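Below is one structure, written out as structure tokens, with a few remarks after it.
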Amino acid sequence: MEELIQLNTKCGKIVGLNKGDYFEFLGVKYANANRFEYATLITDWSQVTQAPNVSEDNLKRVGADGVYNATRHGDACIQKRIWFEHLEHPVRRFYHEEFRENVEFNYSEDCLNLNIVTPSDTMVGKNYPVIVFIHGGGFDSGCNYDSAIDGAALAQKGAICVTINYRVGIFGYLTNPAIKEQFGHEGNFGLDDQYKALQWVKANIEAYGGDPENITVMGQSAGAISIQYLVLNKKCQGLFQHAVMMSGAGLFPKFALPRMASDTNEYWEDLMNTIGVNTFEELKQSDAKRILEGIEELRTRRKDNTYNTMPVVDGYLIDAPVDTIINNPLPIDYMIGYTNNDMYAIIMSAIGNKFGKSVGAYIYYFDIDAPGADDNRAFHSADIRYMFGTLDRSHRPYRPCDYLISDMMIDYLIAFAKTGNPNHNGAPHWDKAGNKALHLLPNIDEAKMCRPGKWKLLVNTITKGDPKAIMPESK
């Protein structure tokens, strides 16, 4: 039987797992939300079961004594992977094998929960730096506990790690005039969930030993892109002091930027027609699987699905077109990273470097090809296991040098979370962005500032592209 740890918090008593050199509080609910409505923060555990769409899992979270059970992961948002994983597609299979294989996930719409991993001596007054991680997944999928995401290594080195779930796909980014009529803006439920999670962390993390005035928000892919949008909004001033954006910083090409919310209404009207729904109220009551079946049908006859299922310019969290506000981000500390075969690698590096230079960011170029027979180079998200110290949970034959690089990257991250500067004794010096980035290679002694090789990035973009699994029939 696992040893437990109990804390007194603003929301009430909570029980988590005592792992010896770190504590875990899993599936901590931070907000309630109805379908296609904005979330309201949890301030007392008694509110957990009051959500109209309360899940079976959350019904069992709070005992008769009022103590919150945080000994198991919470549900991820309902998403296409449940019924339409498409493992016959090499790219989809790649990411499944890389991060989700042999991991059990549960899904529901009552999914606004987070995991908190702390050092084992945590208590009020410890004031550990806090790292809040926002997962990726293209805005339509993802979870806060796949096989790469775990805060244990960060906690063991003196930081509190919080990983959040938020709404994705239609449940996170649908727009409709009725929503705007009710709330004054529409869309961006998922982005608002992230905003609310950061508010909850700031208000509650002190009870877990964290410093509410020293929070780093960190994200990868869609999580990093979300952070890029949040740092352009003055509403977020004071919510966090540092930002880490892995494969998602900068101003994307015009076609990939958030559209005006009202411009996406037609897409969702097409969905309603596809599934035979006449009103927004009917859509709110429709079966989740039938909704996702309709989106699958849309994908077969439309080419604009991605750009309608993502954040929009809502006048609230994204105040204006991103290209008009990109030069006025929050005055905080920034770290930016990209890989040698990133998503559109030559573009990702260019826009990351440009934004990084404008804000004096610390930029790293991850140039370590993933070991294995698939030859996908340093694919999009290859660096995430290094940053979380979860190389040992992969199917890949990582080498001793990979573990050394991972340890160095974690040390840089912890130093950055503490002070806004990743430099510390014993590590290669990391300058703020100019025309160079910290070049990470397999040999730890070769890490140094350099100009990223544009030719290699371009060749990988053209010849490699999205990572692809070796399909079963080819093995």
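Labels used: A, B, ... for chains in the order of the structure tokens, numbers from 1 for residues in each chain, and numbers from 1 for ligands as shown.
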
**Report entry** Contacts of segment 125-140 of chain A at 6 Å (only C-alpha atoms; same-chain gap of 3+ positions) as a ChimeraX atom specification
**Finding:** /A:159-164,168-169,209-211,214-223,310,417-418

Keeping only C-alpha atoms, write those residues as an mmCIF file, in the first residue's frame.
```cif
data_model
loop_
_atom_site.group_PDB
_atom_site.id
_atom_site.type_symbol
_atom_site.label_atom_id
_atom_site.label_comp_id
_atom_site.auth_asym_id
_atom_site.auth_seq_id
_atom_site.Cartn_x
_atom_site.Cartn_y
_atom_site.Cartn_z
ATOM 1 C CA ALA A 159 10.816 23.016 -8.117
ATOM 2 C CA ILE A 160 7.089 22.378 -7.944
ATOM 3 C CA CYS A 161 5.673 21.106 -11.226
ATOM 4 C CA VAL A 162 2.009 21.546 -12.147
ATOM 5 C CA THR A 163 0.630 19.926 -15.312
ATOM 6 C CA ILE A 164 -2.851 20.927 -16.438
ATOM 7 C CA VAL A 168 -9.643 20.644 -26.624
ATOM 8 C CA GLY A 169 -11.237 20.310 -30.042
ATOM 9 C CA GLY A 209 5.092 24.896 -0.686
ATOM 10 C CA GLY A 210 5.183 27.036 -3.815
ATOM 11 C CA ASP A 211 5.964 30.705 -4.284
ATOM 12 C CA ASN A 214 7.586 33.037 -8.851
ATOM 13 C CA ILE A 215 5.653 31.044 -11.441
ATOM 14 C CA THR A 216 7.011 29.833 -14.780
ATOM 15 C CA VAL A 217 4.501 28.870 -17.456
ATOM 16 C CA MET A 218 5.902 26.261 -19.831
ATOM 17 C CA GLY A 219 4.362 24.607 -22.880
ATOM 18 C CA GLN A 220 5.193 22.532 -25.912
ATOM 19 C CA SER A 221 3.671 22.798 -29.409
ATOM 20 C CA ALA A 222 0.018 23.889 -28.956
ATOM 21 C CA GLY A 223 0.898 24.539 -25.319
ATOM 22 C CA MET A 310 -7.864 26.529 -32.555
ATOM 23 C CA ALA A 417 12.430 29.031 -12.884
ATOM 24 C CA LYS A 418 14.247 30.318 -9.810
#
```

Requested in this report: Pick out the residues sitting within 7 Å of Pro467 of chain A, and hand them over as a list in words; count only C-alpha atoms, and ignore anything fewer than 2 positions along from it in its own chain.
Outcome: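 Once the nearby chain positions are removed, what remains is Val91, Phe94, Asn376, Phe379, Gly465 and Ala469 of chain A.
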
Query raised in the report: Which residues, written as a PyMOL selection string, have at least one atom at most 10 Å from Ala256 of chain A, with only C-alpha atoms counted and residues fewer than 5 positions away on the same chain left out?
Result: chain A and resi 251+306-307+310

Please produce a file of the residues just selected, as a PDB file, in the first residue's frame, where the atoms kept are C-alpha atoms.
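Saved to result16.pdb:
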```pdb
ATOM      1  CA  LEU A 251       4.545  35.030 -35.176  1.00  0.00           C
ATOM      2  CA  THR A 306      -7.210  22.899 -38.310  1.00  0.00           C
ATOM      3  CA  TYR A 307      -7.710  26.641 -38.643  1.00  0.00           C
ATOM      4  CA  MET A 310      -7.864  26.529 -32.555  1.00  0.00           C
TER       5      MET A 310
END
```

Query raised in the report: Among segment 103-316 of chain A, which ones does DSSP place in strand (DSSP E or B), written as a PyMOL selection string?
Result: chain A and resi 107-108+113-119+128-134+160-164+210-220+237+240+242-246+260+313

**Report entry** Which of A:Ala33, A:Ile444, A:Phe84, A:Tyr22 sits closest to Lys289 of chain A [using only C-alpha atoms]
**Finding:**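 Of the candidates, the smallest distance to Lys289 of chain A is held by A:Phe84.
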